[in-house]
Amino acid sequence: MPKQIQQLGRRWYVLHTYSGYEENVSHSLKQRIESMGMHDKIFNILIPTEKKIKIKNGKRKVVTEKIFPGYVLVEMDVTDDSWYVVRNTPNVTGFIGSGTMPIPISEEEVKAIQKRMGVEEPKFVIDVTVDSPVKIVDGPFKNFEGKVAEINEERGKVKVLVSMFGRETPVELDFLQIKKI
């Protein structure tokens, strides 16, 4: 137990957990808050995640990934008993701070993380232009090279002219299937 816990009121703190156990920690902590009557001291638990676009088997998928694997944010009023409840939750390895003293993160950092989490549609950056030489990195034309003929930013698609059987053939691809040469 830390000597002299600073009374800072309701603030956000960062918990270090075993990687892959973030949801487990969140669930356990919610149960402990309930069973130990800590609603007035531990307010919110947040696992920062964001949506990313991935290509799997030629299909575009939106996946949710943790922004900080192994970390969980907790909004709480740190007192001796709330510190003890959080610190002794299974799979929690400690607070981010100096020694055993948890140090809160700034309101700006929390807002920035929440803003990053709140982005509904993941944005993609198409870094090629018409006539750019590209290499196809996924799909049936993998390892073919060609040049960009058309770009459709709204759909995230590009038309690439690929040389096949002695002539250029237009192939529509997802922008994640190509790489600038």
# chains A, B, ... in the order shown; residues from 1 in each chain; ligands from 1

call {"tool": "closest_atom_pairs", "arguments": {"of": "stretch 7-39 of chain A", "to": "stretch 84-95 of chain A", "cutoff": "9 Å", "atoms": "only C-alpha atoms", "output": "tab-separated table"}}
result
residue	atom	partner	partner_atom	distance
A:Tyr13	CA	A:Phe95	CA	7.3
A:Val14	CA	A:Phe95	CA	5.9
A:Leu15	CA	A:Phe95	CA	4.5
A:His16	CA	A:Gly94	CA	5.3
A:Thr17	CA	A:Val92	CA	4.4
A:Tyr18	CA	A:Asn91	CA	5.7
A:Tyr21	CA	A:Asn91	CA	6.7
A:Glu22	CA	A:Asn91	CA	8.4
A:Asn24	CA	A:Asn91	CA	7.9
A:Val25	CA	A:Asn91	CA	6.3
A:Ser28	CA	A:Thr89	CA	6.7
A:Leu29	CA	A:Thr89	CA	6.3
A:Arg32	CA	A:Val85	CA	7.2
A:Ile33	CA	A:Val85	CA	7.9
A:Met36	CA	A:Val85	CA	8.3
A:Met38	CA	A:Val85	CA	8.5

call {"tool": "write_last_selection", "arguments": {"atoms": "N, CA and C atoms", "output": "short mmCIF file (atom, residue, chain, number, x, y, z; two decimals), in the first residue's frame"}}
result
data_model
loop_
_atom_site.label_atom_id
_atom_site.label_comp_id
_atom_site.auth_asym_id
_atom_site.auth_seq_id
_atom_site.Cartn_x
_atom_site.Cartn_y
_atom_site.Cartn_z
N TYR A 13 -6.56 7.27 -14.74
CA TYR A 13 -5.27 6.62 -14.48
C TYR A 13 -5.09 5.48 -15.47
N VAL A 14 -3.83 5.09 -15.67
CA VAL A 14 -3.54 3.99 -16.59
C VAL A 14 -3.11 2.77 -15.80
N LEU A 15 -3.78 1.67 -16.07
CA LEU A 15 -3.46 0.39 -15.43
C LEU A 15 -2.65 -0.45 -16.41
N HIS A 16 -1.66 -1.12 -15.89
CA HIS A 16 -0.89 -2.05 -16.71
C HIS A 16 -1.47 -3.42 -16.44
N THR A 17 -1.78 -4.16 -17.53
CA THR A 17 -2.34 -5.51 -17.38
C THR A 17 -1.49 -6.48 -18.18
N TYR A 18 -1.74 -7.76 -17.98
CA TYR A 18 -1.11 -8.74 -18.85
C TYR A 18 -1.74 -8.56 -20.22
N TYR A 21 -5.36 -9.61 -21.69
CA TYR A 21 -6.31 -9.75 -20.58
C TYR A 21 -7.08 -8.46 -20.30
N GLU A 22 -7.04 -7.50 -21.24
CA GLU A 22 -7.68 -6.20 -20.99
C GLU A 22 -9.18 -6.34 -20.72
N ASN A 24 -10.77 -9.01 -19.77
CA ASN A 24 -10.86 -9.79 -18.54
C ASN A 24 -10.75 -8.87 -17.32
N VAL A 25 -9.76 -7.96 -17.35
CA VAL A 25 -9.54 -7.01 -16.26
C VAL A 25 -10.75 -6.09 -16.13
N SER A 28 -13.62 -8.11 -14.56
CA SER A 28 -13.35 -8.38 -13.14
C SER A 28 -13.50 -7.13 -12.30
N LEU A 29 -12.97 -6.02 -12.83
CA LEU A 29 -13.02 -4.76 -12.09
C LEU A 29 -14.47 -4.30 -11.90
N ARG A 32 -15.93 -6.32 -9.16
CA ARG A 32 -15.40 -5.92 -7.85
C ARG A 32 -16.02 -4.60 -7.39
N ILE A 33 -16.22 -3.67 -8.33
CA ILE A 33 -16.84 -2.38 -7.99
C ILE A 33 -18.23 -2.65 -7.44
N MET A 36 -18.05 -4.67 -3.99
CA MET A 36 -17.42 -3.94 -2.88
C MET A 36 -17.97 -2.53 -2.72
N MET A 38 -18.04 0.21 -4.74
CA MET A 38 -17.05 1.25 -5.06
C MET A 38 -17.53 2.25 -6.12
#

call {"tool": "select_by_dssp", "arguments": {"residues": "stretch 13-162 of chain A", "states": "helix (DSSP H, G or I)", "output": "PyMOL selection string"}}
result
chain A and resi 22-35+80-87+107-117

call {"tool": "residues_around", "arguments": {"residues": "A:Leu176", "least_positions_apart": "3", "cutoff": "12 Å", "atoms": "only C-alpha atoms", "output": "PyMOL selection string"}}
result
chain A and resi 52-61+124-128+134-139+142+155-158+172-173+179-180

call {"tool": "select_by_dssp", "arguments": {"residues": "stretch 60-156 of chain A", "states": "strand (DSSP E)", "output": "PyMOL selection string"}}
result
chain A and resi 60-66+71-77+92-95+97-98+101-102+133-136+145-152

call {"tool": "write_last_selection", "arguments": {"atoms": "N, CA and C atoms", "output": "tab-separated table (two decimals), in the first residue's frame"}}
result
chain	number	residue	atom	x	y	z
A	60	ARG	N	-12.34	-6.74	-48.04
A	60	ARG	CA	-12.06	-5.67	-47.09
A	60	ARG	C	-12.83	-5.94	-45.80
A	61	LYS	N	-12.14	-5.87	-44.67
A	61	LYS	CA	-12.80	-6.08	-43.38
A	61	LYS	C	-12.40	-4.95	-42.45
A	62	VAL	N	-13.35	-4.51	-41.63
A	62	VAL	CA	-13.01	-3.51	-40.61
A	62	VAL	C	-12.82	-4.29	-39.32
A	63	VAL	N	-11.63	-4.14	-38.74
A	63	VAL	CA	-11.34	-4.84	-37.48
A	63	VAL	C	-11.10	-3.82	-36.38
A	64	THR	N	-11.37	-4.22	-35.15
A	64	THR	CA	-11.13	-3.36	-34.00
A	64	THR	C	-9.85	-3.83	-33.35
A	65	GLU	N	-8.90	-2.90	-33.20
A	65	GLU	CA	-7.62	-3.24	-32.58
A	65	GLU	C	-7.40	-2.36	-31.36
A	66	LYS	N	-6.70	-2.92	-30.39
A	66	LYS	CA	-6.36	-2.14	-29.20
A	66	LYS	C	-5.29	-1.12	-29.57
A	71	TYR	N	-2.86	-2.20	-21.64
A	71	TYR	CA	-3.21	-1.05	-20.80
A	71	TYR	C	-4.72	-0.85	-20.78
A	72	VAL	N	-5.22	-0.44	-19.62
A	72	VAL	CA	-6.64	-0.13	-19.43
A	72	VAL	C	-6.70	1.20	-18.70
A	73	LEU	N	-7.61	2.08	-19.12
A	73	LEU	CA	-7.77	3.36	-18.43
A	73	LEU	C	-8.89	3.24	-17.41
A	74	VAL	N	-8.69	3.83	-16.24
A	74	VAL	CA	-9.69	3.80	-15.19
A	74	VAL	C	-9.89	5.21	-14.67
A	75	GLU	N	-11.16	5.64	-14.66
A	75	GLU	CA	-11.47	6.95	-14.07
A	75	GLU	C	-11.89	6.67	-12.64
A	76	MET	N	-11.13	7.24	-11.71
A	76	MET	CA	-11.41	6.95	-10.31
A	76	MET	C	-10.90	8.04	-9.39
A	77	ASP	N	-11.36	7.97	-8.17
A	77	ASP	CA	-10.87	8.83	-7.10
A	77	ASP	C	-9.96	7.91	-6.30
A	92	VAL	N	-4.02	-7.51	-13.18
A	92	VAL	CA	-3.53	-6.13	-13.14
A	92	VAL	C	-2.13	-6.20	-12.57
A	93	THR	N	-1.16	-5.63	-13.28
A	93	THR	CA	0.22	-5.68	-12.78
A	93	THR	C	0.60	-4.39	-12.07
A	94	GLY	N	-0.22	-3.36	-12.20
A	94	GLY	CA	0.06	-2.12	-11.47
A	94	GLY	C	-0.47	-0.90	-12.18
A	95	PHE	N	-0.27	0.24	-11.53
A	95	PHE	CA	-0.64	1.53	-12.11
A	95	PHE	C	0.59	2.11	-12.79
A	97	GLY	N	2.90	5.05	-12.93
A	97	GLY	CA	3.20	6.12	-11.97
A	97	GLY	C	4.62	5.94	-11.47
A	98	SER	N	4.90	6.60	-10.36
A	98	SER	CA	6.24	6.44	-9.80
A	98	SER	C	6.13	5.54	-8.58
A	101	MET	N	2.81	4.92	-6.49
A	101	MET	CA	1.92	6.08	-6.60
A	101	MET	C	1.37	6.22	-8.01
A	102	PRO	N	0.06	6.06	-8.17
A	102	PRO	CA	-0.51	6.26	-9.51
A	102	PRO	C	-0.46	7.74	-9.89
A	133	PRO	N	3.65	3.77	-60.95
A	133	PRO	CA	3.92	2.34	-61.06
A	133	PRO	C	3.64	1.68	-59.70
A	134	VAL	N	2.94	0.53	-59.73
A	134	VAL	CA	2.60	-0.15	-58.48
A	134	VAL	C	2.85	-1.65	-58.61
A	135	LYS	N	2.99	-2.28	-57.44
A	135	LYS	CA	3.11	-3.73	-57.38
A	135	LYS	C	1.87	-4.22	-56.66
A	136	ILE	N	1.26	-5.27	-57.16
A	136	ILE	CA	0.08	-5.84	-56.51
A	136	ILE	C	0.56	-6.81	-55.43
A	145	GLU	N	3.04	-6.33	-61.69
A	145	GLU	CA	3.28	-4.89	-61.62
A	145	GLU	C	2.43	-4.24	-62.69
A	146	GLY	N	2.11	-2.99	-62.45
A	146	GLY	CA	1.30	-2.27	-63.42
A	146	GLY	C	1.34	-0.79	-63.12
A	147	LYS	N	0.46	-0.04	-63.80
A	147	LYS	CA	0.41	1.38	-63.47
A	147	LYS	C	-1.04	1.79	-63.25
A	148	VAL	N	-1.22	2.75	-62.34
A	148	VAL	CA	-2.55	3.19	-61.95
A	148	VAL	C	-3.20	3.95	-63.11
A	149	ALA	N	-4.43	3.53	-63.46
A	149	ALA	CA	-5.16	4.18	-64.54
A	149	ALA	C	-6.26	5.09	-63.97
A	150	GLU	N	-6.83	4.69	-62.84
A	150	GLU	CA	-7.95	5.42	-62.26
A	150	GLU	C	-7.94	5.26	-60.74
A	151	ILE	N	-8.43	6.28	-60.02
A	151	ILE	CA	-8.51	6.20	-58.55
A	151	ILE	C	-9.92	6.60	-58.13
A	152	ASN	N	-10.56	5.75	-57.31
A	152	ASN	CA	-11.87	6.08	-56.76
A	152	ASN	C	-11.72	6.14	-55.24

call {"tool": "atom_distance", "arguments": {"atom1": "atom CA of A:Leu8", "atom2": "atom CA of A:Ile103"}}
result
9.7 Å

call {"tool": "atom_distance", "arguments": {"atom1": "atom CA of A:Glu34", "atom2": "atom CA of A:Gly20"}}
result
23.4 Å

call {"tool": "atom_distance", "arguments": {"atom1": "atom CA of A:Phe68", "atom2": "atom CA of A:Gln177"}}
result
26.7 Å

call {"tool": "residues_around", "arguments": {"residues": "A:Val171", "least_positions_apart": "6", "cutoff": "8 Å", "atoms": "only C-alpha atoms", "output": "ChimeraX atom specification"}}
result
/A:159-162

call {"tool": "closest_residue", "arguments": {"among": "A:Gln114, A:Ser82, A:Thr49, A:Ser35", "to": "A:Glu23", "atoms": "only C-alpha atoms"}}
result
A:Thr49

call {"tool": "closest_residue", "arguments": {"among": "A:Ile42, A:Ile96, A:Ile105, A:Ile67", "to": "A:Trp83", "atoms": "only C-alpha atoms"}}
result
A:Ile42
